[in-house]
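Visitor: Sending over data.pdb (PDB, C-alpha atoms).
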MODEL        1
ATOM      1  CA  ALA A 180       0.000   0.000   0.000
ATOM      2  CA  PRO A 181       1.312   3.530  -0.781
ATOM      3  CA  GLY A 182       1.014   4.577   2.860
ATOM      4  CA  LYS A 183       3.464   1.860   3.893
ATOM      5  CA  LEU A 184       6.219   2.967   1.518
ATOM      6  CA  SER A 185       8.817   5.460   2.665
ATOM      7  CA  GLY A 186       8.008   8.969   1.457
ATOM      8  CA  ASN A 187       4.516   7.999   0.281
ATOM      9  CA  PHE A 188       1.154   8.657   1.852
ATOM     10  CA  GLY A 189      -2.096   6.796   1.444
ATOM     11  CA  THR A 190      -5.444   8.523   1.156
ATOM     12  CA  ARG A 191      -7.010   9.854   4.362
ATOM     13  CA  ASN A 192     -10.564   9.152   3.211
ATOM     14  CA  LEU A 193     -10.705   6.186   0.867
ATOM     15  CA  SER A 194     -14.507   6.027   0.725
ATOM     16  CA  ASP A 195     -14.710   9.596  -0.645
ATOM     17  CA  ASN A 196     -12.086   8.837  -3.308
ATOM     18  CA  ILE A 197     -13.913   5.699  -4.421
ATOM     19  CA  SER A 198     -17.209   7.602  -4.542
ATOM     20  CA  ASP A 199     -15.582  10.273  -6.732
ATOM     21  CA  LEU A 200     -14.273   7.626  -9.137
ATOM     22  CA  LYS A 201     -17.668   5.918  -9.283
ATOM     23  CA  ALA A 202     -19.355   9.231 -10.059
ATOM     24  CA  GLN A 203     -16.933   9.876 -12.936
ATOM     25  CA  VAL A 204     -17.474   6.401 -14.363
ATOM     26  CA  ALA A 205     -21.242   6.812 -14.073
ATOM     27  CA  ALA A 206     -21.141  10.187 -15.825
ATOM     28  CA  ASN A 207     -19.125   8.751 -18.717
ATOM     29  CA  ASN A 208     -21.436   5.746 -19.023
ATOM     30  CA  LYS A 209     -24.419   8.096 -19.151
ATOM     31  CA  GLY A 210     -22.736  10.087 -21.905
ATOM     32  CA  VAL A 211     -22.072   6.910 -23.917
ATOM     33  CA  LYS A 212     -25.700   5.848 -23.507
ATOM     34  CA  LEU A 213     -27.100   9.197 -24.658
ATOM     35  CA  LEU A 214     -24.749   9.366 -27.642
ATOM     36  CA  ASN A 215     -25.708   5.859 -28.722
ATOM     37  CA  GLU A 216     -29.383   6.791 -28.447
ATOM     38  CA  LEU A 217     -28.732   9.819 -30.658
ATOM     39  CA  VAL A 218     -26.998   7.667 -33.284
ATOM     40  CA  ASP A 219     -29.782   5.049 -33.130
ATOM     41  CA  GLU A 220     -32.399   7.721 -33.746
ATOM     42  CA  TYR A 221     -30.699   9.776 -36.485
ATOM     43  CA  SER A 222     -27.878   7.499 -37.785
ATOM     44  CA  PHE A 223     -24.133   7.908 -37.409
ATOM     45  CA  ASP A 224     -23.744   9.875 -40.641
ATOM     46  CA  VAL A 225     -26.292  12.508 -39.613
ATOM     47  CA  VAL A 226     -24.876  12.907 -36.097
ATOM     48  CA  ASN A 227     -21.313  13.109 -37.419
ATOM     49  CA  SER A 228     -22.319  15.677 -40.035
ATOM     50  CA  TYR A 229     -24.033  17.908 -37.499
ATOM     51  CA  MET A 230     -21.033  17.725 -35.192
ATOM     52  CA  ASN A 231     -18.921  19.006 -38.070
ATOM     53  CA  HIS A 232     -21.541  21.675 -38.874
ATOM     54  CA  ILE A 233     -21.414  22.927 -35.259
ATOM     55  CA  GLN A 234     -17.629  23.230 -35.389
ATOM     56  CA  LYS A 235     -17.711  24.984 -38.770
ATOM     57  CA  SER A 236     -20.312  27.421 -37.480
ATOM     58  CA  ALA A 237     -18.121  28.255 -34.501
ATOM     59  CA  GLU A 238     -15.094  28.711 -36.750
ATOM     60  CA  LEU A 239     -16.932  31.135 -39.041
ATOM     61  CA  ALA A 240     -18.263  33.066 -36.046
ATOM     62  CA  VAL A 241     -14.748  33.550 -34.629
ATOM     63  CA  ARG A 242     -13.389  34.603 -38.024
ATOM     64  CA  GLU A 243     -16.137  37.211 -38.390
ATOM     65  CA  PHE A 244     -15.546  38.467 -34.851
ATOM     66  CA  LEU A 245     -11.814  38.922 -35.499
ATOM     67  CA  LYS A 246     -12.487  40.803 -38.739
ATOM     68  CA  GLU A 247     -15.054  43.043 -37.052
ATOM     69  CA  PHE A 248     -12.807  43.755 -34.069
ATOM     70  CA  ALA A 249      -9.883  44.691 -36.314
ATOM     71  CA  LYS A 250     -12.119  46.942 -38.402
ATOM     72  CA  ASN A 251     -13.563  48.724 -35.362
ATOM     73  CA  GLU A 252     -10.080  49.279 -33.968
ATOM     74  CA  GLY A 253      -8.858  50.764 -37.221
ATOM     75  CA  MET A 254      -6.207  48.091 -37.630
ATOM     76  CA  LYS A 255      -4.273  47.431 -40.835
ATOM     77  CA  GLU A 256      -4.984  44.386 -43.000
ATOM     78  CA  ILE A 257      -2.529  42.431 -40.849
ATOM     79  CA  ASP A 258      -1.956  44.099 -37.517
ATOM     80  CA  THR A 259      -1.352  43.385 -33.852
ATOM     81  CA  VAL A 260      -2.855  44.213 -30.453
ATOM     82  CA  SER A 261      -1.128  43.312 -27.218
ATOM     83  CA  ALA A 262      -1.589  43.072 -23.461
ATOM     84  CA  ILE A 263       0.482  42.154 -20.423
ATOM     85  CA  ASP A 264      -0.177  41.374 -16.781
ATOM     86  CA  TYR A 265       2.015  40.177 -13.918
ATOM     87  CA  LEU A 266       1.804  37.398 -11.382
ATOM     88  CA  ASP A 267       2.402  38.439  -7.795
ATOM     89  CA  ASP A 268       6.041  37.296  -8.041
ATOM     90  CA  GLY A 269       6.556  39.714 -10.932
ATOM     91  CA  SER A 270       6.491  37.109 -13.715
ATOM     92  CA  PRO A 271       4.903  38.632 -16.835
ATOM     93  CA  ILE A 272       2.187  37.018 -18.933
ATOM     94  CA  ALA A 273       2.555  38.742 -22.288
ATOM     95  CA  LEU A 274       0.323  38.360 -25.327
ATOM     96  CA  SER A 275       0.394  39.725 -28.855
ATOM     97  CA  VAL A 276      -2.583  38.962 -31.098
ATOM     98  CA  THR A 277      -1.883  39.373 -34.811
ATOM     99  CA  ILE A 278      -5.109  39.465 -36.834
ATOM    100  CA  ASN A 279      -5.393  38.852 -40.566
ATOM    101  CA  GLN A 280      -8.508  40.655 -41.774
ATOM    102  CA  VAL A 281      -8.436  38.862 -45.120
ATOM    103  CA  ASP A 282      -9.271  35.399 -43.769
ATOM    104  CA  GLY A 283     -10.196  36.243 -40.166
ATOM    105  CA  SER A 284      -7.333  34.260 -38.661
ATOM    106  CA  ALA A 285      -5.178  35.230 -35.700
ATOM    107  CA  ILE A 286      -1.894  34.312 -34.054
ATOM    108  CA  PHE A 287      -1.862  34.397 -30.260
ATOM    109  CA  ASP A 288       1.822  34.798 -29.404
ATOM    110  CA  PHE A 289       2.861  34.611 -25.755
ATOM    111  CA  THR A 290       6.485  35.545 -26.418
ATOM    112  CA  GLY A 291       7.678  37.750 -23.573
ATOM    113  CA  THR A 292       6.012  35.622 -20.916
ATOM    114  CA  GLY A 293       8.214  34.908 -17.907
ATOM    115  CA  TYR A 294      10.483  31.935 -17.415
ATOM    116  CA  GLU A 295       9.426  28.690 -15.766
ATOM    117  CA  ILE A 296       8.837  29.376 -12.075
ATOM    118  CA  TYR A 297      10.482  27.693  -9.118
ATOM    119  CA  GLY A 298       7.028  27.114  -7.662
ATOM    120  CA  ASN A 299       3.726  25.636  -8.739
ATOM    121  CA  LEU A 300       2.205  28.379 -10.934
ATOM    122  CA  ASN A 301       3.556  26.904 -14.161
ATOM    123  CA  ALA A 302       0.850  25.842 -16.612
ATOM    124  CA  PRO A 303       0.996  23.215 -19.374
ATOM    125  CA  PRO A 304       0.129  24.548 -22.865
ATOM    126  CA  ALA A 305      -3.311  22.902 -22.667
ATOM    127  CA  VAL A 306      -4.259  25.359 -19.910
ATOM    128  CA  THR A 307      -3.474  28.316 -22.170
ATOM    129  CA  ALA A 308      -5.436  26.730 -25.031
ATOM    130  CA  SER A 309      -8.392  26.264 -22.688
ATOM    131  CA  ALA A 310      -8.231  29.915 -21.630
ATOM    132  CA  VAL A 311      -8.094  31.089 -25.237
ATOM    133  CA  ILE A 312     -11.047  28.969 -26.408
ATOM    134  CA  TYR A 313     -13.068  30.112 -23.378
ATOM    135  CA  CYS A 314     -12.351  33.762 -24.157
ATOM    136  CA  MET A 315     -13.184  33.436 -27.836
ATOM    137  CA  ARG A 316     -16.538  31.872 -27.023
ATOM    138  CA  CYS A 317     -17.270  34.634 -24.497
ATOM    139  CA  LEU A 318     -16.457  37.286 -27.096
ATOM    140  CA  LEU A 319     -19.083  35.880 -29.469
ATOM    141  CA  THR A 320     -21.818  37.877 -27.764
ATOM    142  CA  GLY A 321     -25.386  37.268 -28.856
ATOM    143  CA  MET A 322     -24.551  33.999 -30.631
ATOM    144  CA  ASP A 323     -26.163  30.736 -29.609
ATOM    145  CA  ILE A 324     -23.417  28.207 -30.312
ATOM    146  CA  PRO A 325     -21.993  25.591 -27.952
ATOM    147  CA  LEU A 326     -18.368  25.769 -26.901
ATOM    148  CA  ASN A 327     -16.422  23.521 -29.266
ATOM    149  CA  GLN A 328     -13.070  23.071 -30.992
ATOM    150  CA  GLY A 329     -14.217  25.084 -33.987
ATOM    151  CA  CYS A 330     -13.595  28.241 -31.939
ATOM    152  CA  LEU A 331      -9.852  27.523 -32.166
ATOM    153  CA  ALA A 332      -9.746  26.618 -35.868
ATOM    154  CA  PRO A 333      -8.802  30.162 -37.024
ATOM    155  CA  ILE A 334      -6.251  30.591 -34.239
ATOM    156  CA  THR A 335      -2.601  29.630 -33.921
ATOM    157  CA  ILE A 336      -1.182  29.653 -30.392
ATOM    158  CA  LYS A 337       2.549  30.208 -29.914
ATOM    159  CA  ILE A 338       4.101  29.709 -26.478
ATOM    160  CA  PRO A 339       7.888  29.866 -25.976
ATOM    161  CA  GLU A 340       9.416  26.721 -24.522
ATOM    162  CA  GLY A 341      10.803  27.130 -21.043
ATOM    163  CA  SER A 342       8.263  29.786 -20.143
ATOM    164  CA  LEU A 343       5.794  29.432 -17.282
ATOM    165  CA  LEU A 344       3.101  28.630 -19.887
ATOM    166  CA  ASN A 345       5.196  25.920 -21.544
ATOM    167  CA  PRO A 346       7.429  24.563 -18.774
ATOM    168  CA  SER A 347       9.630  21.500 -18.590
ATOM    169  CA  SER A 348       8.208  18.077 -17.770
ATOM    170  CA  THR A 349       9.521  18.325 -14.220
ATOM    171  CA  ALA A 350       7.898  21.675 -13.409
ATOM    172  CA  ALA A 351       5.298  21.992 -10.651
ATOM    173  CA  VAL A 352       1.946  22.894 -12.214
ATOM    174  CA  VAL A 353      -0.770  22.474  -9.581
ATOM    175  CA  GLY A 354      -1.364  26.239  -9.444
ATOM    176  CA  GLY A 355      -1.422  26.575 -13.220
ATOM    177  CA  ASN A 356      -4.947  25.263 -13.582
ATOM    178  CA  VAL A 357      -6.485  27.187 -10.706
ATOM    179  CA  LEU A 358      -4.533  30.467 -10.741
ATOM    180  CA  THR A 359      -2.481  31.019 -13.882
ATOM    181  CA  SER A 360      -5.410  30.051 -16.107
ATOM    182  CA  GLN A 361      -7.343  33.001 -14.692
ATOM    183  CA  ARG A 362      -4.489  35.384 -15.400
ATOM    184  CA  VAL A 363      -4.188  34.162 -19.005
ATOM    185  CA  THR A 364      -7.934  34.728 -19.369
ATOM    186  CA  ASP A 365      -7.604  38.275 -18.056
ATOM    187  CA  VAL A 366      -4.768  39.009 -20.485
ATOM    188  CA  VAL A 367      -6.722  37.733 -23.510
ATOM    189  CA  LEU A 368      -9.796  39.773 -22.572
ATOM    190  CA  LYS A 369      -7.570  42.804 -21.915
ATOM    191  CA  ALA A 370      -6.086  42.555 -25.417
ATOM    192  CA  PHE A 371      -9.595  42.698 -26.880
ATOM    193  CA  LYS A 372     -10.675  45.492 -24.470
ATOM    194  CA  ALA A 373     -13.539  43.270 -23.374
ATOM    195  CA  CYS A 374     -13.525  43.788 -19.599
ATOM    196  CA  ALA A 375     -11.384  44.783 -16.648
ATOM    197  CA  ALA A 376      -9.474  42.296 -14.532
ATOM    198  CA  SER A 377     -11.260  39.830 -12.307
ATOM    199  CA  GLN A 378     -10.089  38.551  -8.938
ATOM    200  CA  GLY A 379      -7.505  36.659 -10.967
ATOM    201  CA  CYS A 380      -7.470  33.369  -9.091
ATOM    202  CA  MET A 381      -9.661  30.804  -7.360
ATOM    203  CA  ASN A 382      -8.416  31.519  -3.818
ATOM    204  CA  ASN A 383      -7.576  27.922  -2.938
ATOM    205  CA  LEU A 384      -7.831  27.098   0.761
ATOM    206  CA  THR A 385      -7.084  23.693   2.265
ATOM    207  CA  PHE A 386      -6.873  22.387   5.797
ATOM    208  CA  GLY A 387      -6.540  18.972   7.378
ATOM    209  CA  ASN A 388      -4.729  16.582   9.690
ATOM    210  CA  ASP A 389      -3.814  12.886   9.678
ATOM    211  CA  HIS A 390      -7.466  11.858   9.435
ATOM    212  CA  MET A 391      -9.205  14.281   7.118
ATOM    213  CA  GLY A 392      -8.680  16.957   4.489
ATOM    214  CA  TYR A 393     -10.821  19.781   3.143
ATOM    215  CA  TYR A 394     -10.424  21.949   0.035
ATOM    216  CA  GLU A 395     -12.453  24.966  -1.050
ATOM    217  CA  THR A 396     -12.180  27.749  -3.585
ATOM    218  CA  ILE A 397     -13.382  31.186  -2.568
ATOM    219  CA  ALA A 398     -15.233  33.647  -4.805
ATOM    220  CA  GLY A 399     -14.311  37.260  -5.581
ATOM    221  CA  GLY A 400     -15.251  40.100  -7.898
ATOM    222  CA  ALA A 401     -15.672  40.164 -11.675
ATOM    223  CA  GLY A 402     -14.293  43.011 -13.742
ATOM    224  CA  ALA A 403     -16.637  45.565 -15.274
ATOM    225  CA  GLY A 404     -17.137  45.894 -19.007
ATOM    226  CA  PRO A 405     -17.840  48.723 -21.460
ATOM    227  CA  THR A 406     -21.585  48.594 -20.736
ATOM    228  CA  TRP A 407     -22.000  46.671 -17.491
ATOM    229  CA  ASN A 408     -21.013  46.493 -13.825
ATOM    230  CA  GLY A 409     -18.982  43.538 -12.634
ATOM    231  CA  CYS A 410     -20.691  40.941 -10.449
ATOM    232  CA  SER A 411     -19.791  40.733  -6.762
ATOM    233  CA  ALA A 412     -18.938  37.613  -4.773
ATOM    234  CA  VAL A 413     -18.863  35.143  -7.678
ATOM    235  CA  HIS A 414     -16.447  32.703  -9.192
ATOM    236  CA  THR A 415     -15.220  34.275 -12.388
ATOM    237  CA  HIS A 416     -14.363  32.899 -15.803
ATOM    238  CA  MET A 417     -13.006  29.344 -16.024
ATOM    239  CA  THR A 418     -14.304  27.992 -12.738
ATOM    240  CA  ASN A 419     -16.952  25.395 -12.007
ATOM    241  CA  THR A 420     -16.707  24.857  -8.267
ATOM    242  CA  ARG A 421     -19.326  25.391  -5.600
ATOM    243  CA  ILE A 422     -18.465  26.162  -1.999
ATOM    244  CA  THR A 423     -19.673  23.900   0.808
ATOM    245  CA  ASP A 424     -22.848  24.937   2.622
ATOM    246  CA  PRO A 425     -22.054  26.420   6.081
ATOM    247  CA  GLU A 426     -24.138  23.804   7.913
ATOM    248  CA  ILE A 427     -22.326  20.933   6.188
ATOM    249  CA  LEU A 428     -18.930  22.570   6.680
ATOM    250  CA  GLU A 429     -19.381  23.008  10.425
ATOM    251  CA  LYS A 430     -20.955  19.570  10.928
ATOM    252  CA  ARG A 431     -18.288  17.574   9.112
ATOM    253  CA  TYR A 432     -15.134  19.563   9.879
ATOM    254  CA  PRO A 433     -13.571  21.109  13.031
ATOM    255  CA  VAL A 434     -14.227  24.722  11.998
ATOM    256  CA  LEU A 435     -16.720  27.520  12.609
ATOM    257  CA  LEU A 436     -17.663  29.892   9.803
ATOM    258  CA  ARG A 437     -17.620  33.269  11.557
ATOM    259  CA  GLN A 438     -18.246  35.420   8.502
ATOM    260  CA  PHE A 439     -18.902  35.083   4.787
ATOM    261  CA  SER A 440     -19.873  38.420   3.320
ATOM    262  CA  ILE A 441     -19.284  40.859   0.471
ATOM    263  CA  ARG A 442     -16.219  43.055   0.914
ATOM    264  CA  PRO A 443     -17.785  46.469   0.304
ATOM    265  CA  GLY A 444     -15.966  48.945  -1.903
ATOM    266  CA  SER A 445     -13.282  46.512  -3.046
ATOM    267  CA  GLY A 446     -14.298  46.620  -6.712
ATOM    268  CA  GLY A 447     -12.694  49.224  -8.963
ATOM    269  CA  ARG A 448     -14.632  52.444  -9.500
ATOM    270  CA  GLY A 449     -15.494  53.847 -12.906
ATOM    271  CA  ALA A 450     -18.349  54.530 -15.309
ATOM    272  CA  PHE A 451     -19.210  50.904 -14.577
ATOM    273  CA  LYS A 452     -18.086  49.484 -11.244
ATOM    274  CA  GLY A 453     -16.047  46.338 -10.757
ATOM    275  CA  GLY A 454     -17.569  43.606  -8.640
ATOM    276  CA  ASP A 455     -16.736  43.488  -4.934
ATOM    277  CA  GLY A 456     -14.857  40.566  -3.427
ATOM    278  CA  VAL A 457     -15.708  38.642  -0.270
ATOM    279  CA  ILE A 458     -14.633  38.292   3.353
ATOM    280  CA  ARG A 459     -14.467  34.727   4.622
ATOM    281  CA  GLU A 460     -13.517  34.126   8.241
ATOM    282  CA  LEU A 461     -12.966  30.635   9.657
ATOM    283  CA  GLU A 462     -12.243  29.627  13.251
ATOM    284  CA  PHE A 463     -10.294  26.381  13.649
ATOM    285  CA  ARG A 464     -11.370  24.240  16.605
ATOM    286  CA  GLU A 465      -8.423  21.847  16.696
ATOM    287  CA  PRO A 466      -4.791  21.776  15.494
ATOM    288  CA  LEU A 467      -4.652  21.692  11.691
ATOM    289  CA  VAL A 468      -2.345  22.284   8.758
ATOM    290  CA  VAL A 469      -3.744  25.141   6.674
ATOM    291  CA  SER A 470      -2.619  26.190   3.190
ATOM    292  CA  ILE A 471      -3.599  29.124   0.988
ATOM    293  CA  LEU A 472      -2.814  29.460  -2.719
ATOM    294  CA  SER A 473      -3.961  32.778  -4.139
ATOM    295  CA  GLU A 474      -3.057  35.693  -6.422
ATOM    296  CA  ARG A 475      -3.604  39.458  -6.711
ATOM    297  CA  ARG A 476      -2.153  40.036  -3.235
ATOM    298  CA  SER A 477       0.673  42.198  -4.636
ATOM    299  CA  PHE A 478      -0.698  43.674  -7.863
ATOM    300  CA  GLN A 479      -4.189  45.162  -7.957
ATOM    301  CA  PRO A 480      -6.704  43.888 -10.508
ATOM    302  CA  TYR A 481      -6.484  46.570 -13.182
ATOM    303  CA  GLY A 482      -9.260  48.751 -14.519
ATOM    304  CA  LEU A 483      -9.928  49.235 -18.219
ATOM    305  CA  LEU A 484     -10.403  52.327 -20.400
ATOM    306  CA  GLY A 485      -9.793  54.699 -17.505
ATOM    307  CA  GLY A 486     -11.509  52.670 -14.786
ATOM    308  CA  GLU A 487      -9.790  52.402 -11.407
ATOM    309  CA  PRO A 488      -8.198  49.166 -10.152
ATOM    310  CA  GLY A 489      -9.823  46.972  -7.537
ATOM    311  CA  GLU A 490      -8.414  46.299  -4.091
ATOM    312  CA  ARG A 491      -5.728  43.693  -3.476
ATOM    313  CA  GLY A 492      -6.690  40.513  -1.670
ATOM    314  CA  LEU A 493      -5.448  39.843   1.857
ATOM    315  CA  ASN A 494      -4.907  36.606   3.778
ATOM    316  CA  LEU A 495      -4.784  37.141   7.542
ATOM    317  CA  LEU A 496      -4.168  34.773  10.455
ATOM    318  CA  HIS A 497      -5.608  35.894  13.786
ATOM    319  CA  ILE A 498      -3.757  34.136  16.589
ATOM    320  CA  LYS A 499      -5.976  33.832  19.655
ATOM    321  CA  ASN A 500      -5.384  36.682  22.102
ATOM    322  CA  LYS A 501      -2.543  37.911  19.886
ATOM    323  CA  GLN A 502      -1.948  39.907  16.741
ATOM    324  CA  LEU A 503      -3.032  39.583  13.107
ATOM    325  CA  ILE A 504      -0.412  38.140  10.747
ATOM    326  CA  ASN A 505      -0.349  38.614   6.991
ATOM    327  CA  LEU A 506       0.248  35.209   5.371
ATOM    328  CA  GLY A 507       0.914  36.584   1.905
ATOM    329  CA  GLY A 508      -0.576  35.031  -1.198
ATOM    330  CA  LYS A 509       0.849  31.531  -0.736
ATOM    331  CA  ASN A 510       1.652  29.814   2.527
ATOM    332  CA  THR A 511       1.283  26.683   4.659
ATOM    333  CA  ILE A 512       0.953  27.009   8.423
ATOM    334  CA  HIS A 513       0.206  24.910  11.502
ATOM    335  CA  VAL A 514      -2.627  26.334  13.580
ATOM    336  CA  ASN A 515      -3.767  25.446  17.073
ATOM    337  CA  ASN A 516      -7.298  25.880  18.382
TER     338      ASN A 516
ENDMDL
END
I need this file expressed as structure tokens, please.

Guide:
Amino acid sequence: APGKLSGNFGTRNLSDNISDLKAQVAANNKGVKLLNELVDEYSFDVVNSYMNHIQKSAELAVREFLKEFAKNEGMKEIDTVSAIDYLDDGSPIALSVTINQVDGSAIFDFTGTGYEIYGNLNAPPAVTASAVIYCMRCLLTGMDIPLNQGCLAPITIKIPEGSLLNPSSTAAVVGGNVLTSQRVTDVVLKAFKACAASQGCMNNLTFGNDHMGYYETIAGGAGAGPTWNGCSAVHTHMTNTRITDPEILEKRYPVLLRQFSIRPGSGGRGAFKGGDGVIRELEFREPLVVSILSERRSFQPYGLLGGEPGERGLNLLHIKNKQLINLGGKNTIHVNN
């Protein structure tokens, strides 16, 4: 067993892991069943053709969007827009988008992005591709098409090897999917002047001991756009997690939820206001190991087109009968009740 090998650790809650695996298998089996029913009803040729039609429709929609954007921006026949943002350690995420108005194609070039990080915010190229396809679908406003690979057909993505978006095979990447992906999304939307910066991460909080572990992602504020206010206290962009209900959290784990509220005034001001973040306060009732993995603790989420930036995030530890301590954006600590 892994837990009996030196340097290895077995799972702390095997029943939960098995339940997760069963749920994934069940979901895939359901998908197979529904797809087979579709083929039985309409035939393979018809289903396959419509899948291709959906992708072609998405491709044409993206090409038309790129042409229209370039035209509205007064760009040349082949021209470039660019954007840059920085991780809290100062590493840049740089993007240049070169648009060809003749065929509606584009090159997304991340040259200028920082080197591979000695840390876990590196992201495999698939994460960047996911951020780009998400952004392109979001930019197709007013169009009723499902997200599909056709959105990437007109786009070539270039990422320099050895960068934090295309790291070596030995690089740590756990933060790439939950933090860096959000920053890539912000940079793409910034290049197209679509909206201001969001909270820029998923605010990953974990705690546990030898017998149990808990993991949650905490919401924040969404950036405002040219004609709308940003939403407050929501997960933004490429997230699909839901936080545990307070009653379940306190019943199953040795914590008390003292506060979970909107952080008033934390969104950037402007003609349209950025969404406010949240305040989440937990009291630990027994000794635990607590970890936080978050971003936008050093650099503020930027405004757009003259809008003001939002407030930085803040991770504080309140030691009982003692002072408040700033944990920074990323840390692991041992707490006592």

Visitor: Using the file's own x, y and z axes, what box holds all listed atoms of range 214-232 of chain A with 8 Å on each side, keeping edges along x, y and z, and what are its centre and edge lengths in Å to one decimal, as AutoDock Vina command-line options?

Guide:
--center_x -25.7 --center_y 13.4 --center_z -34.1 --size_x 29.5 --size_y 32.6 --size_z 29.0

Visitor: Residues picked by the PyMOL selection byres ((chain A and resi 331-340) around 9) here, as a VMD selection string?

Guide: chain A and resid 234 to 235 237 to 239 241 to 242 282 to 292 294 to 295 304 307 to 308 311 to 312 315 327 to 330 341 to 347

Visitor: Using Å and a single decimal, report how far CA of Val366 in chain A sits from CA of Ala273 in chain A.

Guide: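 So the two atoms, CA of Ala273 in chain A and CA of Val366 in chain A, lie 7.5 Å apart.
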
Visitor: Compile the contact shell of Gln479 in chain A as a list in words: residues with an atom at most 12 Å away, counting all atoms listed in the file, same-chain residues fewer than 2 positions apart removed.

Guide: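 Result of the neighbour search: Asp264, Tyr265, Leu266, Asp267, Ala375, Ala376, Ser377, Gln378, Gly379, Gly402, Ser445, Gly446, Gly447, Glu474, Arg475, Arg476, Ser477, Tyr481, Gly482, Glu487, Pro488, Gly489, Glu490, Arg491, Gly492 and Leu493 of chain A.
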
Visitor: Have a look at CA of Thr277 in chain A and CA of Ser261 in chain A and let me know their distance in Å, one decimal.

Guide: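 Pair CA of Thr277 in chain A / CA of Ser261 in chain A returns 8.6 Å.
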
Visitor: Counting all atoms listed in the file, what is within 6 Å of Ser411 in chain A, bar same-chain residues fewer than 2 positions away, as a list in words?

Guide: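 Selected residues are Gly400, Val413, Gly454, Asp455 and Gly456 of chain A.
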
Visitor: Between A:Leu200, A:Ile498, A:Val363, A:Ile471, which one has atoms that come closest to Leu274 in chain A, using only C-alpha atoms?

Guide: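 That would be A:Val363, the residue with the smallest distance to Leu274 in chain A.
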
Visitor: With distances taken over only C-alpha atoms, which residue among A:Leu213, A:Asp268, A:Thr415, A:Leu300 lies nearest Gly507 in chain A?

Guide: A:Asp268

Visitor: Which is closest to Arg191 in chain A among A:Ile233, A:Ala305, A:Val218, A:Met391, if we use all atoms listed in the file?

Guide: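 Of A:Ile233, A:Ala305, A:Val218, A:Met391, the one nearest Arg191 in chain A, counting all atoms listed in the file, is A:Met391.
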
Visitor: When you draw a straight line from CA of Ala350 in chain A to CA of Ile272 in chain A, how long is it in Å?

Guide: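 It comes out at 17.3 Å.
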
Visitor: Find, counting only C-alpha atoms, the residue in A:Leu214, A:Val357, A:Leu184, A:Ala249 that gets nearest to Val306 in chain A.

Guide: A:Val357

Visitor: Would you mind telling me which residue in A:Ile257, A:Leu217, A:Leu472, A:Leu318 lies nearest to Asn279 in chain A when using only C-alpha atoms?

Guide: A:Ile257
